[in-house]
Amino acid sequence: MITVFGSINIDLVCRTSHLPRPGETVPGSDYQLIPGGKGANQALAARRAGASVRMIGAVGADDMAAIALGELEKDGVDLTALVRRGPTTGMAIITVDDGAENTIVLSPGANARLKAADLVSASPGEGDTLLLQMEVPFAESLAAARAARAAGARVLLSIAPFLPIERSALAEVDIILVNETEAADLARHLGLEAGSGGAETVATLSKALGKTVIATLGSDGAVASVDGAEILVPALAVVPVDTTGAGDTFAGVLAALLDQGESLETALQFAAAAGSLSCTKEGAQPSFPRRAEIEAALSGPSSNA
């Protein structure tokens with residue numbers, strides 16, 4: 001069982017020819033309201049990869065909550081421990097340009113009121129997985145991590161969006177997930193030399209922290225460093241439409257495969273392929289592939305694996 005302790009949002013998405021500069025107004029498409037939030041995204045990605053998933057998160061008393069939960073409910077994510085707290089559900093305001101790059105403004109809403117105590121009735125135990133991100137108060141995520149590890153669960157932390165984290169807090173997690181920029185930011189924050197590339201920085205972080213560190217590398221795939229060994233897996237060759245949610249897809253699918261007992265290398269291959277596939281459709285949650293799609297992509301002629 002994977003327990004995701006994290007954010008639930010609505011993504012308000014608008015496409016533009018280019019991302020606006022400060023003070024600039026640009027014409028955009030009709031907006032879309034799409035379920036999102038890094039916690040909900042990762043929960044849905046894990047569920048579509050075949051895992052049993054429980055979501056611990058908070059939504060508001062507004063009409064947006066029903067939209068935010070729609071995909072999770074449809075795919076059978078366990079929402080029995082969900083809490084309703086405060087007037088508004090979290091919202092991400094996303095602009096996507098013609099090159100598939102994006103900017104995001106995040107209004108946390110109910111996510112800011114999520115508590116580690118909300119996990120008590122559905123706490124992960126021996127052999128389970130707790131998946132965390134950085135869109136709910138980190139002190140609460142840290143308390144959840146301590147409780148989960150004490151109960152024998154594996155803890156994965158996706159440091160996205162990046163916030164400075166002390167070395168002592170990272171002792172409470174088993175696997176750290178970052179992208180290249182987040183890896184460099186974390187290294188600098190910890191007083192370490194950021195390497196010339198993602199793989200070098202990941203190796204530096206893993207050695208200094210004594211943890212498995214994994215970084216997504218965009219079109220170059222992903223790299224993991226564990227006990228001094230490196231595992232590098234490729235991405236799929238795809239034409240990107242929208243990169244929103246690709247990192248969350250990677251995190252959720254990685255957690256799903258590990259929770260199902262697969263090796264780290266296999267989990268990385270599935271996660272990298274799933275992240276690539278998610279870039280071929282608009283929006284976050286609507287783009288997340290299912291297990292059969294990932295397997296077909298890995299075995300098909302378009303695979304670089």
# chains A, B, ... in the order shown; residues from 1 in each chain; ligands from 1
$ select_by_dssp --residues "stretch 28-121 of chain A" --states "helix (DSSP H, G or I)" --output "ChimeraX atom specification"
/A:38-48,64-75,109-113,116-121
$ residues_around --residues "stretch 5-13 of chain A" --least-positions-apart "5" --cutoff "6 Å" --atoms "only C-alpha atoms" --output "list in words"
Tyr31, Gln32, Leu33, Ile34, Pro35, Gly36, Gly37, Lys38, Gly39, Ala40, Ile56, Gly57, Ala68, Gly90, Met91, Ala92, Ile93, Ile94, Thr95, Asn111, Leu132, Glu135 and Val136 of chain A
$ write_last_selection --atoms "C-alpha atoms" --output "PDB file, in the first residue's frame"
ATOM      1  CA  TYR A  31      -8.776  28.203 -19.653  1.00  0.00           C
ATOM      2  CA  GLN A  32      -9.216  24.669 -18.356  1.00  0.00           C
ATOM      3  CA  LEU A  33      -9.892  23.503 -14.796  1.00  0.00           C
ATOM      4  CA  ILE A  34      -7.921  20.288 -14.298  1.00  0.00           C
ATOM      5  CA  PRO A  35      -7.420  18.248 -11.105  1.00  0.00           C
ATOM      6  CA  GLY A  36      -3.868  18.653  -9.817  1.00  0.00           C
ATOM      7  CA  GLY A  37      -1.614  19.136  -6.813  1.00  0.00           C
ATOM      8  CA  LYS A  38       1.642  17.228  -6.445  1.00  0.00           C
ATOM      9  CA  GLY A  39       0.208  14.883  -3.825  1.00  0.00           C
ATOM     10  CA  ALA A  40      -2.903  14.043  -5.821  1.00  0.00           C
ATOM     11  CA  ILE A  56      -4.161  11.873   2.868  1.00  0.00           C
ATOM     12  CA  GLY A  57      -4.910  15.463   1.930  1.00  0.00           C
ATOM     13  CA  ALA A  68     -10.048  18.325  -7.620  1.00  0.00           C
ATOM     14  CA  GLY A  90      -5.654  24.757  -3.362  1.00  0.00           C
ATOM     15  CA  MET A  91      -5.209  26.191  -6.854  1.00  0.00           C
ATOM     16  CA  ALA A  92      -2.280  26.309  -9.280  1.00  0.00           C
ATOM     17  CA  ILE A  93      -2.473  28.954 -12.003  1.00  0.00           C
ATOM     18  CA  ILE A  94      -0.477  27.547 -14.924  1.00  0.00           C
ATOM     19  CA  THR A  95       0.616  29.144 -18.182  1.00  0.00           C
ATOM     20  CA  ASN A 111      -3.237  22.293   1.797  1.00  0.00           C
ATOM     21  CA  LEU A 132       5.775  13.058   0.354  1.00  0.00           C
ATOM     22  CA  GLU A 135       3.248  21.597  -1.153  1.00  0.00           C
ATOM     23  CA  VAL A 136       1.984  21.055   2.411  1.00  0.00           C
TER      24      VAL A 136
END
$ residues_around --residues "A:Gly261" --least-positions-apart "4" --cutoff "12 Å" --atoms "only C-alpha atoms" --output "list of chain:residue names"
A:Met1, A:Ala51, A:Gly127, A:Asp128, A:Thr129, A:Arg154, A:Leu254, A:Ala255, A:Ala256, A:Leu257, A:Glu265, A:Thr266, A:Ala267
$ write_last_selection --atoms "C-alpha atoms" --output "PDB file, in the first residue's frame"
ATOM      1  CA  MET A   1       0.000   0.000   0.000  1.00  0.00           C
ATOM      2  CA  ALA A  51      -0.586   0.178  -6.920  1.00  0.00           C
ATOM      3  CA  GLY A 127       6.344  -2.917   4.105  1.00  0.00           C
ATOM      4  CA  ASP A 128       4.183   0.057   3.067  1.00  0.00           C
ATOM      5  CA  THR A 129       5.353   3.220   1.303  1.00  0.00           C
ATOM      6  CA  ARG A 154       9.619   3.151   3.267  1.00  0.00           C
ATOM      7  CA  LEU A 254       8.560   4.906  -9.179  1.00  0.00           C
ATOM      8  CA  ALA A 255       6.810   4.480  -5.825  1.00  0.00           C
ATOM      9  CA  ALA A 256       4.316   2.047  -7.345  1.00  0.00           C
ATOM     10  CA  LEU A 257       6.951  -0.248  -8.824  1.00  0.00           C
ATOM     11  CA  GLU A 265      16.441  -0.208 -11.998  1.00  0.00           C
ATOM     12  CA  THR A 266      13.111  -1.588 -13.218  1.00  0.00           C
ATOM     13  CA  ALA A 267      11.227   1.037 -11.232  1.00  0.00           C
TER      14      ALA A 267
END
$ closest_residue --among "A:Cys14, A:Ala183, A:Cys279, A:Ile176" --to "A:Gly245" --atoms "only C-alpha atoms"
A:Cys279
$ residues_around --residues "stretch 71-80 of chain A" --least-positions-apart "5" --cutoff "10 Å" --atoms "only C-alpha atoms" --output "list of chain:residue names"
A:Thr3, A:Ile34, A:Pro35, A:Gly36, A:Ala40, A:Asn41, A:Ala43, A:Leu44, A:Ala45, A:Ala46, A:Arg47, A:Arg48, A:Ala51, A:Ser52, A:Val53, A:Arg54, A:Met55, A:Ile56, A:Gly57, A:Ala66, A:Ser121, A:Ala122, A:Gln285, A:Pro286
$ closest_atom_pairs --of "stretch 223-273 of chain A" --to "stretch 210-217 of chain A" --cutoff "9 Å" --atoms "only C-alpha atoms" --output "tab-separated table"
residue	atom	partner	partner_atom	distance
A:Val223	CA	A:Ala215	CA	5.4
A:Ala224	CA	A:Ile214	CA	4.2
A:Ser225	CA	A:Val213	CA	5.5
A:Val226	CA	A:Thr212	CA	4.6
A:Asp227	CA	A:Thr212	CA	7.4
A:Ala235	CA	A:Leu217	CA	8.6
A:Gly247	CA	A:Thr216	CA	7.4
A:Phe250	CA	A:Thr216	CA	8.1
A:Leu268	CA	A:Ile214	CA	8.9
A:Ala272	CA	A:Thr216	CA	7.8
$ closest_residue --among "A:Ala49, A:Ala151, A:Ala100, A:Pro22" --to "A:Phe270" --atoms "only C-alpha atoms"
A:Ala49
$ select_by_dssp --residues "stretch 153-303 of chain A" --states "strand (DSSP E or B)" --output "list in words"
Arg154, Val155, Leu156, Leu157, Ser158, Ile175, Ile176, Leu177, Val178, Asn179, Thr212, Val213, Ile214, Ala215, Thr216, Ala222, Val223, Ala224, Ser225, Val226, Ala229, Glu230, Ile231, Leu232 and Val233 of chain A
$ residues_around --residues "A:Gly228" --least-positions-apart "5" --cutoff "12 Å" --atoms "only C-alpha atoms" --output "number ranges by chain"
A: 199-200, 202-213
$ residues_around --residues "A:Gln42" --least-positions-apart "5" --cutoff "7 Å" --atoms "only C-alpha atoms" --output "MDAnalysis selection string"
chainID A and resid 248:249 251:252
$ write_last_selection --atoms "N, CA, C and O atoms" --output "mmCIF file, in the first residue's frame"
data_model
loop_
_atom_site.group_PDB
_atom_site.id
_atom_site.type_symbol
_atom_site.label_atom_id
_atom_site.label_comp_id
_atom_site.auth_asym_id
_atom_site.auth_seq_id
_atom_site.Cartn_x
_atom_site.Cartn_y
_atom_site.Cartn_z
ATOM 1 N N ASP A 248 5.787 14.524 -11.386
ATOM 2 C CA ASP A 248 4.866 13.817 -10.490
ATOM 3 C C ASP A 248 4.551 12.419 -11.020
ATOM 4 O O ASP A 248 4.429 11.465 -10.245
ATOM 5 N N THR A 249 4.416 12.297 -12.332
ATOM 6 C CA THR A 249 4.211 10.988 -12.933
ATOM 7 C C THR A 249 5.375 10.073 -12.590
ATOM 8 O O THR A 249 5.189 8.917 -12.183
ATOM 9 N N ALA A 251 7.488 10.271 -10.084
ATOM 10 C CA ALA A 251 7.513 9.931 -8.658
ATOM 11 C C ALA A 251 6.470 8.878 -8.304
ATOM 12 O O ALA A 251 6.751 7.918 -7.577
ATOM 13 N N GLY A 252 5.251 9.055 -8.811
ATOM 14 C CA GLY A 252 4.192 8.112 -8.492
ATOM 15 C C GLY A 252 4.454 6.728 -9.036
ATOM 16 O O GLY A 252 4.252 5.711 -8.346
#
$ closest_residue --among "A:Gly60, A:Gly70, A:Gly218, A:Gly125" --to "A:Ala147" --atoms "only C-alpha atoms"
A:Gly125
$ decode --residues "stretch 79-103 of chain A" --atoms "N, CA and C atoms" --output "PDB file, in the first residue's frame"
ATOM      1  N   LEU A  79      -9.940   7.515  -0.547  1.00  0.00           N
ATOM      2  CA  LEU A  79     -10.072   8.880  -0.026  1.00  0.00           C
ATOM      3  C   LEU A  79     -10.768   8.921   1.331  1.00  0.00           C
ATOM      4  N   THR A  80     -10.818   7.798   2.020  1.00  0.00           N
ATOM      5  CA  THR A  80     -11.567   7.737   3.272  1.00  0.00           C
ATOM      6  C   THR A  80     -10.944   8.590   4.374  1.00  0.00           C
ATOM      7  N   ALA A  81      -9.656   8.883   4.267  1.00  0.00           N
ATOM      8  CA  ALA A  81      -8.992   9.700   5.287  1.00  0.00           C
ATOM      9  C   ALA A  81      -8.854  11.162   4.880  1.00  0.00           C
ATOM     10  N   LEU A  82      -9.493  11.543   3.779  1.00  0.00           N
ATOM     11  CA  LEU A  82      -9.465  12.926   3.325  1.00  0.00           C
ATOM     12  C   LEU A  82     -10.110  13.851   4.363  1.00  0.00           C
ATOM     13  N   VAL A  83      -9.588  15.084   4.486  1.00  0.00           N
ATOM     14  CA  VAL A  83     -10.190  16.053   5.404  1.00  0.00           C
ATOM     15  C   VAL A  83     -10.637  17.285   4.625  1.00  0.00           C
ATOM     16  N   ARG A  84     -11.707  17.919   5.115  1.00  0.00           N
ATOM     17  CA  ARG A  84     -12.196  19.179   4.550  1.00  0.00           C
ATOM     18  C   ARG A  84     -11.926  20.265   5.578  1.00  0.00           C
ATOM     19  N   ARG A  85     -11.110  21.229   5.171  1.00  0.00           N
ATOM     20  CA  ARG A  85     -10.601  22.193   6.144  1.00  0.00           C
ATOM     21  C   ARG A  85     -10.415  23.549   5.481  1.00  0.00           C
ATOM     22  N   GLY A  86     -11.131  24.547   5.962  1.00  0.00           N
ATOM     23  CA  GLY A  86     -10.983  25.891   5.422  1.00  0.00           C
ATOM     24  C   GLY A  86     -11.900  26.138   4.231  1.00  0.00           C
ATOM     25  N   PRO A  87     -11.947  27.384   3.779  1.00  0.00           N
ATOM     26  CA  PRO A  87     -12.913  27.755   2.736  1.00  0.00           C
ATOM     27  C   PRO A  87     -12.514  27.371   1.320  1.00  0.00           C
ATOM     28  N   THR A  88     -11.211  27.289   1.018  1.00  0.00           N
ATOM     29  CA  THR A  88     -10.808  27.121  -0.383  1.00  0.00           C
ATOM     30  C   THR A  88      -9.920  25.899  -0.592  1.00  0.00           C
ATOM     31  N   THR A  89     -10.117  25.272  -1.733  1.00  0.00           N
ATOM     32  CA  THR A  89      -9.231  24.209  -2.198  1.00  0.00           C
ATOM     33  C   THR A  89      -8.018  24.850  -2.859  1.00  0.00           C
ATOM     34  N   GLY A  90      -6.862  24.219  -2.746  1.00  0.00           N
ATOM     35  CA  GLY A  90      -5.654  24.757  -3.362  1.00  0.00           C
ATOM     36  C   GLY A  90      -5.809  24.932  -4.860  1.00  0.00           C
ATOM     37  N   MET A  91      -5.143  25.939  -5.412  1.00  0.00           N
ATOM     38  CA  MET A  91      -5.209  26.191  -6.854  1.00  0.00           C
ATOM     39  C   MET A  91      -3.833  26.545  -7.396  1.00  0.00           C
ATOM     40  N   ALA A  92      -3.487  25.945  -8.545  1.00  0.00           N
ATOM     41  CA  ALA A  92      -2.280  26.309  -9.280  1.00  0.00           C
ATOM     42  C   ALA A  92      -2.700  26.999 -10.570  1.00  0.00           C
ATOM     43  N   ILE A  93      -2.170  28.181 -10.797  1.00  0.00           N
ATOM     44  CA  ILE A  93      -2.473  28.954 -12.003  1.00  0.00           C
ATOM     45  C   ILE A  93      -1.298  28.760 -12.958  1.00  0.00           C
ATOM     46  N   ILE A  94      -1.550  28.038 -14.058  1.00  0.00           N
ATOM     47  CA  ILE A  94      -0.477  27.547 -14.924  1.00  0.00           C
ATOM     48  C   ILE A  94      -0.592  28.155 -16.321  1.00  0.00           C
ATOM     49  N   THR A  95       0.516  28.674 -16.809  1.00  0.00           N
ATOM     50  CA  THR A  95       0.616  29.144 -18.182  1.00  0.00           C
ATOM     51  C   THR A  95       1.557  28.220 -18.938  1.00  0.00           C
ATOM     52  N   VAL A  96       1.114  27.736 -20.102  1.00  0.00           N
ATOM     53  CA  VAL A  96       1.916  26.825 -20.920  1.00  0.00           C
ATOM     54  C   VAL A  96       2.138  27.469 -22.288  1.00  0.00           C
ATOM     55  N   ASP A  97       3.414  27.534 -22.727  1.00  0.00           N
ATOM     56  CA  ASP A  97       3.688  28.166 -24.019  1.00  0.00           C
ATOM     57  C   ASP A  97       3.783  27.142 -25.147  1.00  0.00           C
ATOM     58  N   ASP A  98       4.028  27.626 -26.358  1.00  0.00           N
ATOM     59  CA  ASP A  98       4.060  26.753 -27.533  1.00  0.00           C
ATOM     60  C   ASP A  98       5.234  25.786 -27.519  1.00  0.00           C
ATOM     61  N   GLY A  99       6.227  26.044 -26.676  1.00  0.00           N
ATOM     62  CA  GLY A  99       7.359  25.134 -26.545  1.00  0.00           C
ATOM     63  C   GLY A  99       7.179  24.124 -25.437  1.00  0.00           C
ATOM     64  N   ALA A 100       5.957  24.094 -24.836  1.00  0.00           N
ATOM     65  CA  ALA A 100       5.592  23.160 -23.757  1.00  0.00           C
ATOM     66  C   ALA A 100       6.245  23.505 -22.430  1.00  0.00           C
ATOM     67  N   GLU A 101       6.851  24.700 -22.312  1.00  0.00           N
ATOM     68  CA  GLU A 101       7.351  25.147 -21.019  1.00  0.00           C
ATOM     69  C   GLU A 101       6.213  25.811 -20.245  1.00  0.00           C
ATOM     70  N   ASN A 102       6.371  25.908 -18.910  1.00  0.00           N
ATOM     71  CA  ASN A 102       5.272  26.440 -18.112  1.00  0.00           C
ATOM     72  C   ASN A 102       5.756  27.323 -16.972  1.00  0.00           C
ATOM     73  N   THR A 103       4.850  28.167 -16.487  1.00  0.00           N
ATOM     74  CA  THR A 103       5.041  28.882 -15.226  1.00  0.00           C
ATOM     75  C   THR A 103       3.851  28.555 -14.340  1.00  0.00           C
TER      76      THR A 103
END
